[in-house]
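Undergrad: What follows is work.tsv, TSV, C-alpha atoms.
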```tsv
chain	number	residue	atom	x	y	z
A	1	MET	CA	-32.31	7.70	-9.93
A	2	ASP	CA	-33.52	10.50	-12.19
A	3	PHE	CA	-37.02	11.97	-11.95
A	4	VAL	CA	-39.31	13.81	-14.35
A	5	GLY	CA	-42.22	15.63	-12.73
A	6	GLN	CA	-44.86	18.17	-13.71
A	7	THR	CA	-43.18	21.08	-11.96
A	8	LEU	CA	-39.61	19.94	-11.44
A	9	SER	CA	-37.23	17.22	-12.60
A	10	TRP	CA	-33.84	16.04	-11.52
A	11	ARG	CA	-31.05	14.10	-13.09
A	12	HIS	CA	-27.60	12.95	-12.06
A	13	GLN	CA	-24.66	14.58	-13.80
A	14	GLY	CA	-21.53	12.90	-12.45
A	15	PRO	CA	-21.49	13.49	-8.66
A	16	THR	CA	-24.16	16.22	-8.88
A	17	ILE	CA	-27.95	16.12	-8.83
A	18	GLU	CA	-29.28	18.89	-11.06
A	19	VAL	CA	-32.81	19.94	-10.12
A	20	GLU	CA	-34.64	21.84	-12.84
A	21	LEU	CA	-37.69	23.95	-11.90
A	22	HIS	CA	-39.96	24.13	-14.92
A	23	ARG	CA	-43.48	25.06	-13.91
A	24	ALA	CA	-45.05	27.88	-15.96
A	25	PRO	CA	-45.19	30.78	-15.54
A	26	LEU	CA	-42.56	31.34	-12.84
A	27	ASN	CA	-42.31	28.14	-10.77
A	28	GLU	CA	-45.01	29.17	-8.29
A	29	ILE	CA	-45.03	26.69	-5.41
A	30	GLY	CA	-48.40	24.98	-4.94
A	31	THR	CA	-49.42	21.51	-3.82
A	32	THR	CA	-48.04	19.73	-6.93
A	33	THR	CA	-44.64	21.37	-6.53
A	34	LEU	CA	-44.73	20.56	-2.83
A	35	SER	CA	-45.43	16.87	-3.55
A	36	GLU	CA	-42.54	16.72	-5.99
A	37	LEU	CA	-40.25	18.56	-3.57
A	38	GLU	CA	-41.21	15.93	-0.98
A	39	GLN	CA	-40.10	13.21	-3.37
A	40	LEU	CA	-36.78	15.00	-3.82
A	41	ALA	CA	-36.42	15.43	-0.04
A	42	ASP	CA	-37.07	11.70	0.47
A	43	TYR	CA	-34.43	10.90	-2.12
A	44	VAL	CA	-31.92	13.28	-0.50
A	45	ARG	CA	-32.72	11.83	2.95
A	46	GLN	CA	-31.90	8.38	1.59
A	47	GLY	CA	-28.52	9.60	0.37
A	48	GLY	CA	-29.42	10.93	-3.09
A	49	GLY	CA	-27.82	8.02	-4.88
A	50	GLY	CA	-24.44	8.97	-3.42
A	51	ALA	CA	-24.46	12.48	-4.92
A	52	LYS	CA	-22.00	14.94	-3.42
A	53	ALA	CA	-23.58	18.13	-4.72
A	54	LEU	CA	-26.97	19.41	-5.78
A	55	VAL	CA	-27.69	22.31	-8.12
A	56	TRP	CA	-31.03	24.14	-8.36
A	57	TRP	CA	-31.81	25.90	-11.62
A	58	SER	CA	-34.84	27.16	-13.50
A	59	SER	CA	-35.62	26.85	-17.18
A	60	ARG	CA	-38.34	29.52	-16.77
A	61	PRO	CA	-37.78	33.30	-17.20
A	62	GLY	CA	-37.09	33.64	-13.45
A	63	PHE	CA	-35.94	31.38	-10.62
A	64	CYS	CA	-39.23	31.28	-8.68
A	65	ALA	CA	-41.97	33.82	-7.93
A	66	GLY	CA	-42.89	32.15	-4.62
A	67	ALA	CA	-46.02	30.47	-3.34
A	68	ASP	CA	-48.92	29.85	-5.70
A	69	LEU	CA	-51.12	32.64	-4.36
A	70	ARG	CA	-54.01	31.81	-6.66
A	71	GLU	CA	-54.10	28.28	-5.26
A	72	LEU	CA	-53.82	29.57	-1.68
A	73	HIS	CA	-56.58	32.11	-2.31
A	74	GLY	CA	-58.75	29.47	-4.01
A	75	GLY	CA	-58.41	27.15	-1.02
A	76	LEU	CA	-59.36	29.88	1.43
A	77	LEU	CA	-62.24	31.11	-0.73
A	78	GLN	CA	-63.67	27.62	-1.21
A	79	ARG	CA	-64.24	27.48	2.52
A	80	ARG	CA	-66.00	30.85	2.48
A	81	ASP	CA	-68.21	29.97	-0.50
A	82	ARG	CA	-69.85	27.29	1.63
A	83	PHE	CA	-71.45	30.11	3.67
A	84	ASP	CA	-73.27	31.63	0.69
A	85	GLY	CA	-77.04	31.57	1.16
A	86	LEU	CA	-76.84	31.32	4.95
A	87	GLY	CA	-78.17	33.95	7.34
A	88	PRO	CA	-75.78	36.21	9.29
A	89	LEU	CA	-76.02	34.27	12.53
A	90	ALA	CA	-75.40	30.94	10.81
A	91	LYS	CA	-72.51	32.50	8.87
A	92	ARG	CA	-70.96	33.84	12.07
A	93	GLY	CA	-71.32	30.50	13.78
A	94	LEU	CA	-69.88	28.57	10.87
A	95	ARG	CA	-66.99	31.00	10.46
A	96	ARG	CA	-66.09	30.36	14.08
A	97	VAL	CA	-65.85	26.68	13.21
A	98	ALA	CA	-64.35	27.10	9.73
A	99	ARG	CA	-61.50	29.42	10.61
A	100	PRO	CA	-59.72	26.81	12.75
A	101	LEU	CA	-60.32	24.27	9.96
A	102	VAL	CA	-58.70	26.52	7.36
A	103	ARG	CA	-55.92	27.26	9.82
A	104	ARG	CA	-55.31	23.52	10.28
A	105	GLN	CA	-55.28	22.99	6.51
A	106	ILE	CA	-52.73	25.75	6.03
A	107	ARG	CA	-50.76	24.53	9.01
A	108	ARG	CA	-50.48	21.11	7.36
A	109	PHE	CA	-49.16	22.70	4.14
A	110	ILE	CA	-46.68	24.86	6.06
A	111	ASP	CA	-45.51	21.91	8.20
A	112	ARG	CA	-44.96	19.85	5.06
A	113	ILE	CA	-42.97	22.56	3.31
A	114	HIS	CA	-40.88	23.21	6.43
A	115	THR	CA	-40.02	19.51	6.63
A	116	VAL	CA	-38.93	19.57	2.97
A	117	PHE	CA	-36.94	22.80	3.25
A	118	ASP	CA	-35.25	21.67	6.49
A	119	THR	CA	-34.22	18.41	4.81
A	120	LEU	CA	-32.84	20.26	1.81
A	121	ASP	CA	-31.11	22.79	4.09
A	122	MET	CA	-29.33	19.96	5.93
A	123	ALA	CA	-28.72	17.79	2.84
A	124	PRO	CA	-25.49	15.80	3.09
A	125	MET	CA	-24.36	17.21	-0.25
A	126	THR	CA	-23.24	20.77	-1.07
A	127	THR	CA	-26.22	22.62	-2.53
A	128	VAL	CA	-25.99	25.52	-4.99
A	129	ALA	CA	-28.87	27.64	-6.29
A	130	ALA	CA	-28.38	29.20	-9.73
A	131	CYS	CA	-30.72	32.21	-9.68
A	132	HIS	CA	-31.86	34.60	-12.37
A	133	GLY	CA	-34.76	37.01	-12.73
A	134	VAL	CA	-37.38	36.91	-10.01
A	135	VAL	CA	-36.33	35.25	-6.74
A	136	PHE	CA	-39.37	36.29	-4.74
A	137	GLY	CA	-41.08	35.11	-1.57
A	138	GLY	CA	-41.12	31.30	-1.39
A	139	GLY	CA	-38.62	31.24	-4.26
A	140	PHE	CA	-36.21	33.32	-2.19
A	141	GLU	CA	-36.88	30.98	0.73
A	142	LEU	CA	-36.04	27.98	-1.46
A	143	ALA	CA	-32.79	29.62	-2.58
A	144	LEU	CA	-31.93	30.29	1.08
A	145	THR	CA	-31.94	26.55	1.81
A	146	ALA	CA	-28.95	26.27	-0.53
A	147	ASP	CA	-25.41	26.43	0.82
A	148	LEU	CA	-24.39	28.84	-1.94
A	149	ILE	CA	-26.28	31.14	-4.25
A	150	VAL	CA	-24.88	31.99	-7.67
A	151	ALA	CA	-26.79	34.86	-9.28
A	152	GLU	CA	-27.01	36.07	-12.82
A	153	ARG	CA	-27.02	39.88	-13.11
A	154	SER	CA	-30.77	39.80	-13.76
A	155	ALA	CA	-31.59	38.25	-10.36
A	156	ARG	CA	-33.73	40.21	-7.89
A	157	PHE	CA	-34.39	38.98	-4.36
A	158	CYS	CA	-37.52	40.08	-2.54
A	159	PHE	CA	-39.93	39.28	0.29
A	160	PRO	CA	-43.22	40.91	-0.81
A	161	GLU	CA	-45.33	39.08	1.82
A	162	LEU	CA	-46.23	42.07	3.99
A	163	ARG	CA	-48.23	43.47	1.05
A	164	LEU	CA	-50.47	40.44	1.49
A	165	GLY	CA	-50.81	40.76	5.26
A	166	ILE	CA	-48.51	37.83	6.02
A	167	ILE	CA	-44.84	37.16	6.74
A	168	PRO	CA	-42.74	34.71	4.73
A	169	GLY	CA	-43.90	31.26	5.81
A	170	PHE	CA	-41.39	28.82	4.29
A	171	GLY	CA	-38.54	29.50	6.73
A	172	GLY	CA	-37.14	32.50	4.89
A	173	VAL	CA	-36.61	34.99	7.68
A	174	PRO	CA	-34.83	32.62	10.11
A	175	ARG	CA	-32.59	31.49	7.24
A	176	LEU	CA	-31.91	35.05	6.09
A	177	ASN	CA	-31.18	36.04	9.70
A	178	ARG	CA	-28.67	33.23	9.82
A	179	ASP	CA	-26.90	34.52	6.71
A	180	VAL	CA	-26.93	38.33	6.79
A	181	GLY	CA	-27.26	41.32	9.13
A	182	ASN	CA	-30.35	42.72	10.78
A	183	ALA	CA	-30.44	45.95	8.75
A	184	LEU	CA	-30.85	44.10	5.49
A	185	VAL	CA	-33.32	41.54	6.86
A	186	ARG	CA	-35.56	44.28	8.26
A	187	ASP	CA	-35.28	46.44	5.14
A	188	LEU	CA	-36.27	43.53	2.90
A	189	LEU	CA	-39.11	42.36	5.08
A	190	LEU	CA	-40.57	45.64	6.33
A	191	THR	CA	-40.41	47.58	3.04
A	192	GLY	CA	-40.89	44.72	0.59
A	193	ARG	CA	-38.16	46.16	-1.63
A	194	SER	CA	-36.06	43.93	-3.87
A	195	LEU	CA	-32.30	43.61	-4.10
A	196	ASN	CA	-30.29	43.22	-7.25
A	197	ALA	CA	-27.58	40.57	-7.57
A	198	LYS	CA	-24.69	42.95	-7.03
A	199	ARG	CA	-26.14	44.32	-3.79
A	200	ALA	CA	-27.02	40.79	-2.65
A	201	GLN	CA	-23.41	39.81	-3.21
A	202	ALA	CA	-22.17	42.86	-1.26
A	203	ALA	CA	-24.48	41.82	1.60
A	204	GLY	CA	-23.00	38.32	1.67
A	205	LEU	CA	-26.10	36.60	0.37
A	206	VAL	CA	-24.74	35.68	-3.05
A	207	SER	CA	-21.33	34.12	-3.58
A	208	GLN	CA	-20.89	34.88	-7.28
A	209	VAL	CA	-22.53	37.22	-9.80
A	210	VAL	CA	-22.26	36.01	-13.37
A	211	PRO	CA	-23.49	37.28	-16.76
A	212	LYS	CA	-26.89	36.43	-18.19
A	213	GLY	CA	-27.24	32.77	-19.11
A	214	GLU	CA	-24.13	31.70	-17.15
A	215	GLY	CA	-25.77	30.84	-13.82
A	216	LEU	CA	-26.15	27.12	-14.39
A	217	ASN	CA	-22.62	26.74	-15.79
A	218	ALA	CA	-21.15	28.65	-12.85
A	219	ALA	CA	-23.18	26.58	-10.37
A	220	ARG	CA	-21.97	23.38	-12.06
A	221	ARG	CA	-18.35	24.48	-11.64
A	222	VAL	CA	-18.94	25.28	-7.95
A	223	ALA	CA	-20.64	21.90	-7.46
A	224	ALA	CA	-17.86	20.02	-9.24
A	225	GLN	CA	-15.25	21.64	-7.00
A	226	ALA	CA	-17.26	21.03	-3.80
A	227	ALA	CA	-17.85	17.41	-4.81
A	228	ARG	CA	-14.12	16.68	-4.60
A	229	TYR	CA	-14.18	16.61	-0.81
A	230	GLU	CA	-14.84	13.67	1.46
A	231	ASP	CA	-18.42	13.16	2.67
A	232	ALA	CA	-17.83	13.12	6.45
A	233	THR	CA	-15.79	16.34	6.35
A	234	ARG	CA	-18.36	18.13	4.19
A	235	ILE	CA	-21.23	17.08	6.43
A	236	ALA	CA	-19.38	18.15	9.60
A	237	ALA	CA	-18.49	21.48	7.97
A	238	LYS	CA	-22.09	22.11	6.97
A	239	ARG	CA	-23.41	21.35	10.44
A	240	PHE	CA	-20.86	23.75	11.89
A	241	LEU	CA	-21.37	26.56	9.34
A	242	LYS	CA	-25.10	26.30	8.83
A	243	PRO	CA	-27.00	25.17	11.92
A	244	LEU	CA	-30.77	24.96	11.53
A	245	PRO	CA	-32.49	27.83	13.43
A	246	VAL	CA	-35.06	25.44	14.93
A	247	ALA	CA	-36.77	27.72	17.48
A	248	GLU	CA	-37.13	30.64	15.04
A	249	LEU	CA	-38.53	28.35	12.35
A	250	ALA	CA	-41.18	27.05	14.75
A	251	ARG	CA	-42.12	30.59	15.79
A	252	GLU	CA	-42.39	31.66	12.16
A	253	ARG	CA	-44.87	28.87	11.44
A	254	ASP	CA	-47.12	30.00	14.29
A	255	ILE	CA	-47.06	33.67	13.28
A	256	PHE	CA	-47.70	32.85	9.61
A	257	CYS	CA	-50.70	30.65	10.43
A	258	ASP	CA	-52.14	33.29	12.78
A	259	LEU	CA	-51.89	35.97	10.09
A	260	VAL	CA	-52.94	34.06	7.01
A	261	THR	CA	-56.52	33.28	8.04
A	262	ARG	CA	-57.44	36.90	8.86
A	263	PRO	CA	-60.02	38.62	6.65
A	264	GLU	CA	-57.40	41.31	5.85
A	265	THR	CA	-55.15	38.67	4.30
A	266	LEU	CA	-57.98	37.20	2.28
A	267	ALA	CA	-58.81	40.67	0.99
A	268	ALA	CA	-55.17	41.30	0.05
A	269	LEU	CA	-55.00	37.94	-1.76
A	270	GLN	CA	-58.22	38.81	-3.56
A	271	ARG	CA	-56.66	42.11	-4.73
A	272	PHE	CA	-53.58	40.26	-6.01
A	273	VAL	CA	-55.64	37.65	-7.85
A	274	ASP	CA	-57.87	40.34	-9.38
A	275	ASP	CA	-54.96	42.59	-10.33
A	276	ASP	CA	-54.70	42.62	-14.09
A	277	SER	CA	-52.59	45.78	-14.17
A	278	ALA	CA	-49.12	45.71	-15.63
A	279	GLN	CA	-47.54	46.44	-12.25
A	280	PRO	CA	-48.57	43.79	-9.68
A	281	TYR	CA	-44.94	43.30	-8.65
A	282	LEU	CA	-44.43	47.03	-8.11
A	283	SER	CA	-47.41	47.67	-5.85
B	1	MET	CA	-32.54	66.09	-14.96
B	2	SER	CA	-29.83	66.09	-17.60
B	3	ASP	CA	-30.24	65.16	-21.25
B	4	ALA	CA	-27.34	62.76	-20.83
B	5	VAL	CA	-29.31	60.74	-18.24
B	6	LEU	CA	-32.36	60.63	-20.51
B	7	THR	CA	-30.27	59.60	-23.51
B	8	ARG	CA	-28.68	56.82	-21.52
B	9	LEU	CA	-32.06	55.68	-20.18
B	10	SER	CA	-33.44	55.63	-23.69
B	11	GLY	CA	-30.51	53.45	-24.77
B	12	LEU	CA	-31.16	51.03	-21.91
B	13	ALA	CA	-34.83	50.79	-22.91
B	14	VAL	CA	-33.86	50.02	-26.51
B	15	ASP	CA	-31.33	47.41	-25.37
B	16	ARG	CA	-33.93	45.78	-23.14
B	17	PHE	CA	-37.11	46.10	-25.22
B	18	GLY	CA	-35.85	46.39	-28.79
B	19	ALA	CA	-36.31	48.87	-31.62
B	20	GLY	CA	-39.87	49.64	-30.52
B	21	ALA	CA	-38.41	51.72	-27.70
B	22	GLU	CA	-36.43	53.99	-30.05
B	23	ALA	CA	-39.34	56.37	-30.59
B	24	LEU	CA	-40.13	56.55	-26.87
B	25	GLY	CA	-40.34	60.17	-25.69
B	26	PRO	CA	-39.30	61.25	-22.18
B	27	ASP	CA	-42.91	61.61	-21.08
B	28	ASP	CA	-44.42	58.62	-22.88
B	29	ASP	CA	-45.85	55.90	-20.66
B	30	LEU	CA	-43.48	52.92	-20.76
B	31	PHE	CA	-46.20	50.42	-19.87
B	32	ASP	CA	-48.74	51.68	-22.39
B	33	THR	CA	-46.28	52.42	-25.21
B	34	LEU	CA	-44.17	49.27	-24.96
B	35	GLY	CA	-46.75	46.95	-23.40
B	36	ILE	CA	-44.30	45.85	-20.72
B	37	ASP	CA	-45.28	44.29	-17.39
B	38	SER	CA	-43.90	44.76	-13.90
B	39	LEU	CA	-41.39	41.91	-14.24
B	40	GLN	CA	-39.91	43.56	-17.33
B	41	ALA	CA	-39.89	46.85	-15.42
B	42	LEU	CA	-37.83	45.14	-12.71
B	43	ASP	CA	-35.40	43.97	-15.41
B	44	LEU	CA	-35.08	47.59	-16.55
B	45	LEU	CA	-34.53	48.65	-12.93
B	46	THR	CA	-31.65	46.16	-12.69
B	47	ASP	CA	-30.17	47.60	-15.91
B	48	ILE	CA	-30.53	51.15	-14.53
B	49	GLU	CA	-28.89	50.27	-11.20
B	50	GLU	CA	-25.96	48.71	-13.01
B	51	ALA	CA	-25.56	51.41	-15.65
B	52	PHE	CA	-25.76	54.35	-13.22
B	53	ASP	CA	-24.14	52.55	-10.29
B	54	VAL	CA	-27.06	53.38	-8.00
B	55	GLU	CA	-29.37	51.38	-5.76
B	56	ILE	CA	-33.06	52.23	-6.08
B	57	PRO	CA	-35.63	50.63	-3.77
B	58	ASP	CA	-38.66	49.39	-5.71
B	59	TYR	CA	-41.06	51.60	-3.76
B	60	GLU	CA	-39.38	54.68	-5.19
B	61	ILE	CA	-40.42	53.70	-8.71
B	62	GLN	CA	-44.01	52.84	-7.81
B	63	GLY	CA	-46.20	54.87	-10.13
B	64	VAL	CA	-43.22	56.05	-12.19
B	65	THR	CA	-44.09	55.24	-15.78
B	66	THR	CA	-41.90	57.54	-17.89
B	67	LEU	CA	-38.21	57.95	-18.69
B	68	SER	CA	-38.27	61.49	-17.29
B	69	GLY	CA	-39.74	60.12	-14.05
B	70	LEU	CA	-37.02	57.49	-13.87
B	71	ALA	CA	-34.38	60.17	-14.53
B	72	GLU	CA	-35.67	62.13	-11.54
B	73	VAL	CA	-35.46	59.08	-9.29
B	74	ILE	CA	-31.92	58.37	-10.52
B	75	GLY	CA	-31.01	61.99	-9.78
B	76	ARG	CA	-32.01	61.51	-6.14
B	77	HIS	CA	-29.60	58.61	-5.79
B	78	ARG	CA	-26.46	59.99	-7.49
```
Spit out the file's structure as structure tokens when you get a sec.

TA:
Amino acid sequence: MDFVGQTLSWRHQGPTIEVELHRAPLNEIGTTTLSELEQLADYVRQGGGGAKALVWWSSRPGFCAGADLRELHGGLLQRRDRFDGLGPLAKRGLRRVARPLVRRQIRRFIDRIHTVFDTLDMAPMTTVAACHGVVFGGGFELALTADLIVAERSARFCFPELRLGIIPGFGGVPRLNRDVGNALVRDLLLTGRSLNAKRAQAAGLVSQVVPKGEGLNAARRVAAQAARYEDATRIAAKRFLKPLPVAELARERDIFCDLVTRPETLAALQRFVDDDSAQPYLS
Amino acid sequence: MSDAVLTRLSGLAVDRFGAGAEALGPDDDLFDTLGIDSLQALDLLTDIEEAFDVEIPDYEIQGVTTLSGLAEVIGRHR
């Protein structure tokens, strides 16, 4: 079964499901993308029409810039706007009530995305992400659910979340911890720096670096090769090679939800949303 | 900084941003002169890392807006 959505589409190509991310500008993940990812996860859970491989690719100028921060900020702000016109005591009292409500709302979003990403991480088919350009935040976390990452030379991998007063919330750090060494994980997270494709390959994060425009073709070749093997063997191999870091993922959800509802985070989101300078990704 | 580094940087800017970058002086502001954004700047950073075989953390180019500034950062990593 093929699918055409507002933010992503998939189609069967032989034994492979090719998932195209196509939301402008850079595949930011908001509630619409999440709903469509849930549809994909349901399909994968039901066997994906017998597919043996799945390829992620983007028809936008980058792979994915992460969570839709404007939507997240809008949701948090909407709650605060309800306090306008109230006196300070009433505001304080309502905030005490509202903060847990916002936290629950965000918790629901995070729980949903974790369910989707865990399903995709453990998909019974071999999954390959073809990355180019920006692979930031939630986009990096999506790529990390894949069994293999093929990167065009233009790809840059980054966790900028600490700039916003949060940690990655879509399972990125436990998955990165699973794949590479502590020094790199801490450098990426604690400095917010980005890595180019070549360095990501040297660190063991990327399996192939290919020229510009060749990512999808390379990922297709990887998928075609992986699809030759028998289902039971592939599934057993994946379970052995790539166990789900369940406890760390649960801890990450708690920390993210604790941090995201703080006033400091709201202020940082406000700065990002208001930033019309040419350098928001270099701040 | 050497002229060779600046010449090479200038070539990378032309390759990345087209003929408009040919007249770019070493101290001209890349963002103002070429109208580029931070994502395009990251593309240029990738080109620089590949061309000079260096690895430059993003935070070292924060606030760097000129070719001469980039040449200095490259110099620290060679």

Undergrad: Using all atoms listed in the file, which protein or nucleic acid residues come within 10 Å of B:Val5? Drop anything in the same chain fewer than 5 positions from it, and give the result as a tab-separated table (two decimals) with C-alpha atoms, keeping the file's coordinate frame.

TA:
```tsv
chain	number	residue	atom	x	y	z
B	10	SER	CA	-33.44	55.63	-23.69
B	11	GLY	CA	-30.51	53.45	-24.77
B	52	PHE	CA	-25.76	54.35	-13.22
B	67	LEU	CA	-38.21	57.95	-18.69
B	68	SER	CA	-38.27	61.49	-17.29
B	70	LEU	CA	-37.02	57.49	-13.87
B	71	ALA	CA	-34.38	60.17	-14.53
B	72	GLU	CA	-35.67	62.13	-11.54
B	74	ILE	CA	-31.92	58.37	-10.52
B	75	GLY	CA	-31.01	61.99	-9.78
```

Undergrad: Show me, as a PyMOL selection string, the residues of chain A whose atoms get within 12 Å of chain B, using all atoms listed in the file for the distance check.

TA: chain A and resi 25-26+61-62+65+132-136+152-160+163+187-188+190-200+212+275-283

Undergrad: Pick out the residues sitting within 8 Å of stretch 113-123 of chain A, and hand them over as a list in words; count all atoms listed in the file, and ignore anything fewer than 4 positions along from it in its own chain.

TA: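 Once the nearby chain positions are removed, what remains is Leu34, Leu37, Glu38, Ala41, Val44, Arg45, Phe109, Thr127, Leu142, Thr145, Ala146, Asp147, Phe170, Gly171, Lys238, Arg239 and Leu244 of chain A.
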
Undergrad: Kindly extract all protein, DNA and RNA residues lying within 6 Å of the coordinates (-29.2, 9.7, -13.6) given in the file, considering only C-alpha atoms, and supply them as a VMD selection string.

TA: chain A and resid 1 to 2 11 to 12

Undergrad: Write out as a ChimeraX atom specification which residues come within 9 Å of A:Thr33 when counting only C-alpha atoms, dropping same-chain ones fewer than 2 positions away.

TA: /A:5-8,23,27-31,35-38

Undergrad: Considering all atoms listed in the file, can you say which of B:Leu34, B:Leu6, B:Ile48, B:Val54 comes closest to B:Ala21?

TA: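 Result for the nearest residue to B:Ala21: B:Leu34.
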
Undergrad: Applying 9 Å and only C-alpha atoms, which residues near A:Trp56 remain after dropping the ones on its own chain fewer than 6 positions away? List them as a list in words.

TA: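 Contacts, in chain order: Ile17, Glu18, Val19, Glu20, Leu21, Thr127, Val128, Ala129, Ala130, Cys131, Ala143, Ala146, Leu216 and Ala219 of chain A.
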
Undergrad: Could the residues in this selection be written to a file with C-alpha atoms, as a PDB file, in the frame of the given file?

TA:
```pdb
ATOM      1  CA  ILE A  17     -27.950  16.120  -8.830  1.00  0.00           C
ATOM      2  CA  GLU A  18     -29.280  18.890 -11.060  1.00  0.00           C
ATOM      3  CA  VAL A  19     -32.810  19.940 -10.120  1.00  0.00           C
ATOM      4  CA  GLU A  20     -34.640  21.840 -12.840  1.00  0.00           C
ATOM      5  CA  LEU A  21     -37.690  23.950 -11.900  1.00  0.00           C
ATOM      6  CA  THR A 127     -26.220  22.620  -2.530  1.00  0.00           C
ATOM      7  CA  VAL A 128     -25.990  25.520  -4.990  1.00  0.00           C
ATOM      8  CA  ALA A 129     -28.870  27.640  -6.290  1.00  0.00           C
ATOM      9  CA  ALA A 130     -28.380  29.200  -9.730  1.00  0.00           C
ATOM     10  CA  CYS A 131     -30.720  32.210  -9.680  1.00  0.00           C
ATOM     11  CA  ALA A 143     -32.790  29.620  -2.580  1.00  0.00           C
ATOM     12  CA  ALA A 146     -28.950  26.270  -0.530  1.00  0.00           C
ATOM     13  CA  LEU A 216     -26.150  27.120 -14.390  1.00  0.00           C
ATOM     14  CA  ALA A 219     -23.180  26.580 -10.370  1.00  0.00           C
TER      15      ALA A 219
END
```

Undergrad: Do a neighbour search on A:Arg251 at 10 Å with all atoms listed in the file, toss out local chain neighbours closer than 4 positions, and write the hits as a PyMOL selection string.

TA: chain A and resi 171+174+246-247+255-256

Undergrad: What's the separation between atom CA of A:Leu205 and atom CA of A:Asp42, in Å to one decimal place?

TA: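 Answer for the atom CA of A:Leu205 to atom CA of A:Asp42 separation: 27.2 Å.
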
Undergrad: Can you measure atom CA of A:Cys257 to atom CA of A:Leu72 for me? One decimal in Å is fine.

TA: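 Here the two named atoms are 12.6 Å from each other.
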
Undergrad: Interatomic distance between atom CA of A:Ala268 and atom CA of A:Gly165?

TA: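 Distance reported for this atom pair: 6.8 Å.
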
Undergrad: Quick one: axis-aligned box around all listed atoms of stretch 216-231 of chain A, 5 Å on every side, centre and edge lengths in Å to one decimal, written as JSON.

TA:
```
{"center_x": -20.1, "center_y": 20.9, "center_z": -6.6, "size_x": 22.0, "size_y": 25.5, "size_z": 28.5}
```

Undergrad: Here is a test: counting all atoms listed in the file, which residue of B:Ala51, B:Thr33, B:Arg8, B:Gly69 is nearest to B:Gly20?

TA: B:Thr33
